[in-house]
Amino acid sequence: MQETTRQAARQRRHRRRLMVGATTGLIVTGLLVCLVMTRQPDRKEDAGPAATAVANSQETLPAASPGRKLSSTSPSATSTSSVTPSAGPTTPKASASRSAARASASPRKAPVTTSPAGRIRPKSTYQGVATVYKAGVGDGACSYGPSSDMMIAAMNTTDYETSRTCGAYIRVHAANGASVTVRITNECPLPCAPGQLDLSEQAFAELAPVSTGRLAITWSLLSPDTAGTISIRYKTGSSPYWCGIQAIGHRNPLARLEVRSGGGWRQLARTDYNYFLSPDGSGCGGAIRLTDIYGQQLTVNGIAVRPDVVQRTRAQFARH
């Protein structure tokens, strides 16, 4: 009887534990379900502000200003790309290198000569070819204007030498014995070769029929005995603050042109269109000193700044 009572008590305790365990399991399961259900809305709420922040960050990007391109990289990358680096210590070295390169190139561009005549020197004979061109009214790169004398020629670019030969008188000889004297009023650009003269049709006809087109020649510098006096012309636009000066009708080629300035003489740079320029107006309207390739000097006074007016002087270089 007692055994039966103890067995029944054990069974009741076992059932009680099973019920407690089941109940506990149900409670835990319910809690887990509640937690899961509770966390799902939280994730949605968390995702919402994040998405909104991304949209706002896109809308508030600065608008592109003219000449500026917005970067798609991070702000730090954009800031880095927009910084302009300052000149480092290597900059002076680079500048010095470029200056050295220019200095080394200068002798090739403007060869130093011992003669004021440059490439074309007195008492020298040059070989080349003569070609022919239609000279029109006789004007050309030397800016002399129309010519009444069509015995003129264009000098090849190499021997033209930045208008140094403008106004020079050249005696040309052909192999057949014919010869002609021409005045240089123009430039013959490449492919005209050194030694080549491009003659007006009138001048070429003195050597051979124009239809010949090309013939071998020799030529030399001439100091003629038929030249008149020199004239001076100020370039269009000249004033006391800037001027270009041109000498016309000189018997011998010019080596330089100077103006009186600051109690001395200032040499003006010569252009390829045969004017000597005073960029700051120094000497404009004052005394002018001309020097030919033989070293002769002439000083002319009383030449007012009258643009594009040919003003005659009483001066002329001696014949050589």
# chains A, B, ... in the order shown; residues from 1 in each chain; ligands from 1

call {"tool": "select_by_dssp", "arguments": {"residues": "stretch 147-299 of chain A", "states": "strand (DSSP E)", "output": "JSON, numbers by chain"}}
result
{"A": [152, 153, 154, 155, 156, 169, 170, 171, 172, 173, 174, 179, 180, 181, 182, 183, 184, 185, 186, 187, 188, 197, 198, 199, 200, 214, 215, 216, 217, 218, 219, 220, 221, 222, 231, 232, 233, 234, 243, 244, 245, 246, 247, 248, 254, 255, 256, 257, 258, 259, 260, 261, 264, 265, 266, 267, 269, 270, 276, 277, 278, 288, 289, 290, 291, 292, 297, 298, 299]}

call {"tool": "residues_around", "arguments": {"residues": "A:Ala174", "least_positions_apart": "3", "cutoff": "10 Å", "atoms": "only C-alpha atoms", "output": "count of residues only"}}
result
14

call {"tool": "closest_atom_pairs", "arguments": {"of": "stretch 195-273 of chain A", "to": "stretch 150-159 of chain A", "cutoff": "8 Å", "atoms": "only C-alpha atoms", "output": "CSV"}}
result
residue,atom,partner,partner_atom,distance
A:Gly195,CA,A:Asn156,CA,7.0
A:Gln196,CA,A:Asn156,CA,5.7
A:Leu197,CA,A:Met155,CA,5.2
A:Asp198,CA,A:Ala154,CA,5.0
A:Leu199,CA,A:Ala153,CA,4.4
A:Ser200,CA,A:Ala153,CA,5.8
A:Gln202,CA,A:Met150,CA,6.4
A:Ala203,CA,A:Met151,CA,5.0

call {"tool": "residues_around", "arguments": {"residues": "stretch 167-173 of chain A", "least_positions_apart": "5", "cutoff": "8 Å", "atoms": "only C-alpha atoms", "output": "PDB file with C-alpha atoms, in the first residue's frame"}}
result
ATOM      1  CA  CYS A 142      60.248  95.847 -97.817  1.00  0.00           C
ATOM      2  CA  ALA A 178      73.666  89.183-120.162  1.00  0.00           C
ATOM      3  CA  SER A 179      73.421  91.226-116.984  1.00  0.00           C
ATOM      4  CA  VAL A 180      70.964  93.468-115.140  1.00  0.00           C
ATOM      5  CA  THR A 181      70.983  95.663-112.025  1.00  0.00           C
ATOM      6  CA  VAL A 182      68.026  95.230-109.683  1.00  0.00           C
ATOM      7  CA  ARG A 183      66.962  96.721-106.354  1.00  0.00           C
ATOM      8  CA  ILE A 184      65.718  94.414-103.582  1.00  0.00           C
ATOM      9  CA  THR A 185      62.151  95.336-102.664  1.00  0.00           C
ATOM     10  CA  LEU A 207      68.716  88.005-119.058  1.00  0.00           C
ATOM     11  CA  ILE A 217      73.322  83.204-112.277  1.00  0.00           C
ATOM     12  CA  THR A 218      76.055  84.894-110.282  1.00  0.00           C
ATOM     13  CA  TRP A 219      75.450  88.154-108.459  1.00  0.00           C
ATOM     14  CA  SER A 220      77.148  90.716-106.252  1.00  0.00           C
ATOM     15  CA  LEU A 221      76.384  93.828-104.230  1.00  0.00           C
ATOM     16  CA  LEU A 222      76.585  97.159-106.060  1.00  0.00           C
ATOM     17  CA  SER A 223      77.005 100.766-104.904  1.00  0.00           C
ATOM     18  CA  PRO A 224      75.431 102.622-107.859  1.00  0.00           C
ATOM     19  CA  ILE A 248      64.095 104.994 -98.482  1.00  0.00           C
ATOM     20  CA  GLY A 249      66.453 105.512-101.415  1.00  0.00           C
ATOM     21  CA  HIS A 250      69.757 104.811 -99.657  1.00  0.00           C
ATOM     22  CA  ARG A 251      72.581 104.000-102.073  1.00  0.00           C
ATOM     23  CA  ASN A 252      74.101 101.329 -99.827  1.00  0.00           C
ATOM     24  CA  PRO A 253      72.309  98.828 -97.550  1.00  0.00           C
TER      25      PRO A 253
END

call {"tool": "closest_residue", "arguments": {"among": "A:Pro189, A:Pro116, A:Gly145, A:Gly295", "to": "A:Val310", "atoms": "only C-alpha atoms"}}
result
A:Gly145

call {"tool": "residues_around", "arguments": {"residues": "A:Ala304", "least_positions_apart": "6", "cutoff": "10 Å", "atoms": "only C-alpha atoms", "output": "PyMOL selection string"}}
result
chain A and resi 232-234+239-240+284-287+311

call {"tool": "write_last_selection", "arguments": {"atoms": "N, CA and C atoms", "output": "PDB file, in the first residue's frame"}}
result
ATOM      1  N   ILE A 232      62.830 109.798 -95.504  1.00  0.00           N
ATOM      2  CA  ILE A 232      62.414 109.162 -94.252  1.00  0.00           C
ATOM      3  C   ILE A 232      60.884 109.101 -94.224  1.00  0.00           C
ATOM      4  N   ARG A 233      60.364 107.967 -93.746  1.00  0.00           N
ATOM      5  CA  ARG A 233      58.907 107.831 -93.614  1.00  0.00           C
ATOM      6  C   ARG A 233      58.587 107.219 -92.250  1.00  0.00           C
ATOM      7  N   TYR A 234      57.641 107.854 -91.546  1.00  0.00           N
ATOM      8  CA  TYR A 234      57.120 107.291 -90.304  1.00  0.00           C
ATOM      9  C   TYR A 234      55.936 106.381 -90.632  1.00  0.00           C
ATOM     10  N   SER A 239      53.425 108.070 -83.397  1.00  0.00           N
ATOM     11  CA  SER A 239      53.137 109.237 -82.562  1.00  0.00           C
ATOM     12  C   SER A 239      54.361 109.477 -81.686  1.00  0.00           C
ATOM     13  N   PRO A 240      54.323 110.507 -80.830  1.00  0.00           N
ATOM     14  CA  PRO A 240      55.452 110.704 -79.906  1.00  0.00           C
ATOM     15  C   PRO A 240      55.598 109.577 -78.887  1.00  0.00           C
ATOM     16  N   CYS A 284      61.280 109.598 -81.192  1.00  0.00           N
ATOM     17  CA  CYS A 284      60.329 109.823 -82.285  1.00  0.00           C
ATOM     18  C   CYS A 284      60.201 111.323 -82.551  1.00  0.00           C
ATOM     19  N   GLY A 285      60.490 111.724 -83.774  1.00  0.00           N
ATOM     20  CA  GLY A 285      60.432 113.138 -84.141  1.00  0.00           C
ATOM     21  C   GLY A 285      61.721 113.889 -83.912  1.00  0.00           C
ATOM     22  N   GLY A 286      62.759 113.191 -83.423  1.00  0.00           N
ATOM     23  CA  GLY A 286      64.036 113.842 -83.177  1.00  0.00           C
ATOM     24  C   GLY A 286      65.059 113.506 -84.249  1.00  0.00           C
ATOM     25  N   ALA A 287      66.319 113.722 -83.926  1.00  0.00           N
ATOM     26  CA  ALA A 287      67.397 113.459 -84.873  1.00  0.00           C
ATOM     27  C   ALA A 287      67.514 111.957 -85.138  1.00  0.00           C
ATOM     28  N   GLN A 311      59.309 111.989 -96.525  1.00  0.00           N
ATOM     29  CA  GLN A 311      59.947 113.287 -96.327  1.00  0.00           C
ATOM     30  C   GLN A 311      61.397 113.211 -96.826  1.00  0.00           C
TER      31      GLN A 311
END

call {"tool": "atom_distance", "arguments": {"atom1": "atom CA of A:Gly302", "atom2": "atom CA of A:Pro146"}}
result
25.8 Å

call {"tool": "decode", "arguments": {"residues": "stretch 257-300 of chain A", "atoms": "N, CA and C atoms", "output": "compact mmCIF listing (two decimals), in the first residue's frame"}}
result
# COMPACT_ATOMS: atom_id res chain seq x y z
N LEU A 257 69.85 101.94 -87.70
CA LEU A 257 69.20 103.25 -87.60
C LEU A 257 69.10 103.57 -86.11
N GLU A 258 69.53 104.79 -85.74
CA GLU A 258 69.52 105.21 -84.34
C GLU A 258 68.76 106.52 -84.20
N VAL A 259 68.25 106.77 -83.00
CA VAL A 259 67.56 108.02 -82.70
C VAL A 259 68.24 108.66 -81.50
N ARG A 260 68.17 109.98 -81.46
CA ARG A 260 68.73 110.71 -80.31
C ARG A 260 67.78 110.54 -79.13
N SER A 261 68.32 110.06 -78.01
CA SER A 261 67.48 109.82 -76.83
C SER A 261 68.32 109.91 -75.58
N GLY A 262 67.88 110.73 -74.61
CA GLY A 262 68.56 110.83 -73.34
C GLY A 262 70.00 111.29 -73.42
N GLY A 263 70.31 112.18 -74.36
CA GLY A 263 71.66 112.67 -74.51
C GLY A 263 72.59 111.76 -75.27
N GLY A 264 72.07 110.65 -75.80
CA GLY A 264 72.89 109.73 -76.59
C GLY A 264 72.11 109.18 -77.76
N TRP A 265 72.67 108.12 -78.36
CA TRP A 265 72.02 107.50 -79.51
C TRP A 265 71.49 106.13 -79.11
N ARG A 266 70.29 105.86 -79.52
CA ARG A 266 69.65 104.58 -79.23
C ARG A 266 69.38 103.85 -80.53
N GLN A 267 69.91 102.64 -80.66
CA GLN A 267 69.69 101.84 -81.86
C GLN A 267 68.31 101.18 -81.80
N LEU A 268 67.57 101.28 -82.90
CA LEU A 268 66.23 100.69 -82.96
C LEU A 268 66.28 99.33 -83.65
N ALA A 269 65.39 98.45 -83.19
CA ALA A 269 65.31 97.11 -83.77
C ALA A 269 64.62 97.16 -85.13
N ARG A 270 65.12 96.35 -86.05
CA ARG A 270 64.58 96.32 -87.41
C ARG A 270 63.60 95.17 -87.56
N THR A 271 62.47 95.43 -88.21
CA THR A 271 61.47 94.39 -88.43
C THR A 271 61.66 93.75 -89.80
N ASP A 272 60.97 92.63 -90.01
CA ASP A 272 61.08 91.97 -91.31
C ASP A 272 60.31 92.71 -92.39
N TYR A 273 59.51 93.72 -92.00
CA TYR A 273 58.84 94.55 -93.00
C TYR A 273 59.56 95.89 -93.17
N ASN A 274 60.82 95.96 -92.69
CA ASN A 274 61.74 97.04 -93.00
C ASN A 274 61.39 98.38 -92.36
N TYR A 275 60.89 98.32 -91.12
CA TYR A 275 60.76 99.53 -90.30
C TYR A 275 61.58 99.32 -89.04
N PHE A 276 62.13 100.41 -88.51
CA PHE A 276 62.86 100.38 -87.24
C PHE A 276 61.92 100.94 -86.18
N LEU A 277 61.70 100.18 -85.11
CA LEU A 277 60.66 100.52 -84.16
C LEU A 277 61.21 101.11 -82.85
N SER A 278 60.48 102.13 -82.36
CA SER A 278 60.71 102.68 -81.03
C SER A 278 59.43 102.43 -80.23
N PRO A 279 59.36 101.32 -79.47
CA PRO A 279 58.12 100.94 -78.80
C PRO A 279 57.64 101.93 -77.75
N ASP A 280 58.55 102.67 -77.12
CA ASP A 280 58.15 103.61 -76.07
C ASP A 280 58.17 105.06 -76.53
N GLY A 281 58.41 105.26 -77.82
CA GLY A 281 58.40 106.62 -78.36
C GLY A 281 59.71 107.37 -78.23
N SER A 282 60.74 106.73 -77.67
CA SER A 282 62.03 107.42 -77.52
C SER A 282 62.58 107.85 -78.88
N GLY A 283 62.91 109.12 -78.99
CA GLY A 283 63.51 109.64 -80.22
C GLY A 283 62.55 109.90 -81.36
N CYS A 284 61.28 109.60 -81.19
CA CYS A 284 60.33 109.82 -82.28
C CYS A 284 60.20 111.32 -82.55
N GLY A 285 60.49 111.72 -83.77
CA GLY A 285 60.43 113.14 -84.14
C GLY A 285 61.72 113.89 -83.91
N GLY A 286 62.76 113.19 -83.42
CA GLY A 286 64.04 113.84 -83.18
C GLY A 286 65.06 113.51 -84.25
N ALA A 287 66.32 113.72 -83.93
CA ALA A 287 67.40 113.46 -84.87
C ALA A 287 67.51 111.96 -85.14
N ILE A 288 67.86 111.61 -86.38
CA ILE A 288 68.01 110.22 -86.80
C ILE A 288 69.42 110.04 -87.37
N ARG A 289 70.07 108.97 -86.97
CA ARG A 289 71.40 108.67 -87.50
C ARG A 289 71.36 107.34 -88.25
N LEU A 290 71.82 107.38 -89.50
CA LEU A 290 71.85 106.21 -90.37
C LEU A 290 73.29 105.75 -90.56
N THR A 291 73.50 104.43 -90.52
CA THR A 291 74.83 103.87 -90.76
C THR A 291 74.72 102.81 -91.83
N ASP A 292 75.57 102.88 -92.86
CA ASP A 292 75.51 101.87 -93.92
C ASP A 292 76.50 100.74 -93.61
N ILE A 293 76.55 99.73 -94.49
CA ILE A 293 77.38 98.55 -94.23
C ILE A 293 78.87 98.86 -94.34
N TYR A 294 79.21 100.03 -94.84
CA TYR A 294 80.62 100.42 -94.95
C TYR A 294 81.05 101.24 -93.73
N GLY A 295 80.12 101.51 -92.82
CA GLY A 295 80.43 102.28 -91.63
C GLY A 295 80.19 103.77 -91.76
N GLN A 296 79.73 104.24 -92.92
CA GLN A 296 79.44 105.67 -93.08
C GLN A 296 78.22 106.04 -92.24
N GLN A 297 78.23 107.24 -91.68
CA GLN A 297 77.12 107.70 -90.86
C GLN A 297 76.58 109.02 -91.38
N LEU A 298 75.25 109.12 -91.40
CA LEU A 298 74.56 110.34 -91.80
C LEU A 298 73.57 110.71 -90.70
N THR A 299 73.52 111.98 -90.34
CA THR A 299 72.56 112.45 -89.33
C THR A 299 71.58 113.40 -90.01
N VAL A 300 70.31 113.13 -89.83
CA VAL A 300 69.27 113.98 -90.42
C VAL A 300 68.42 114.55 -89.30
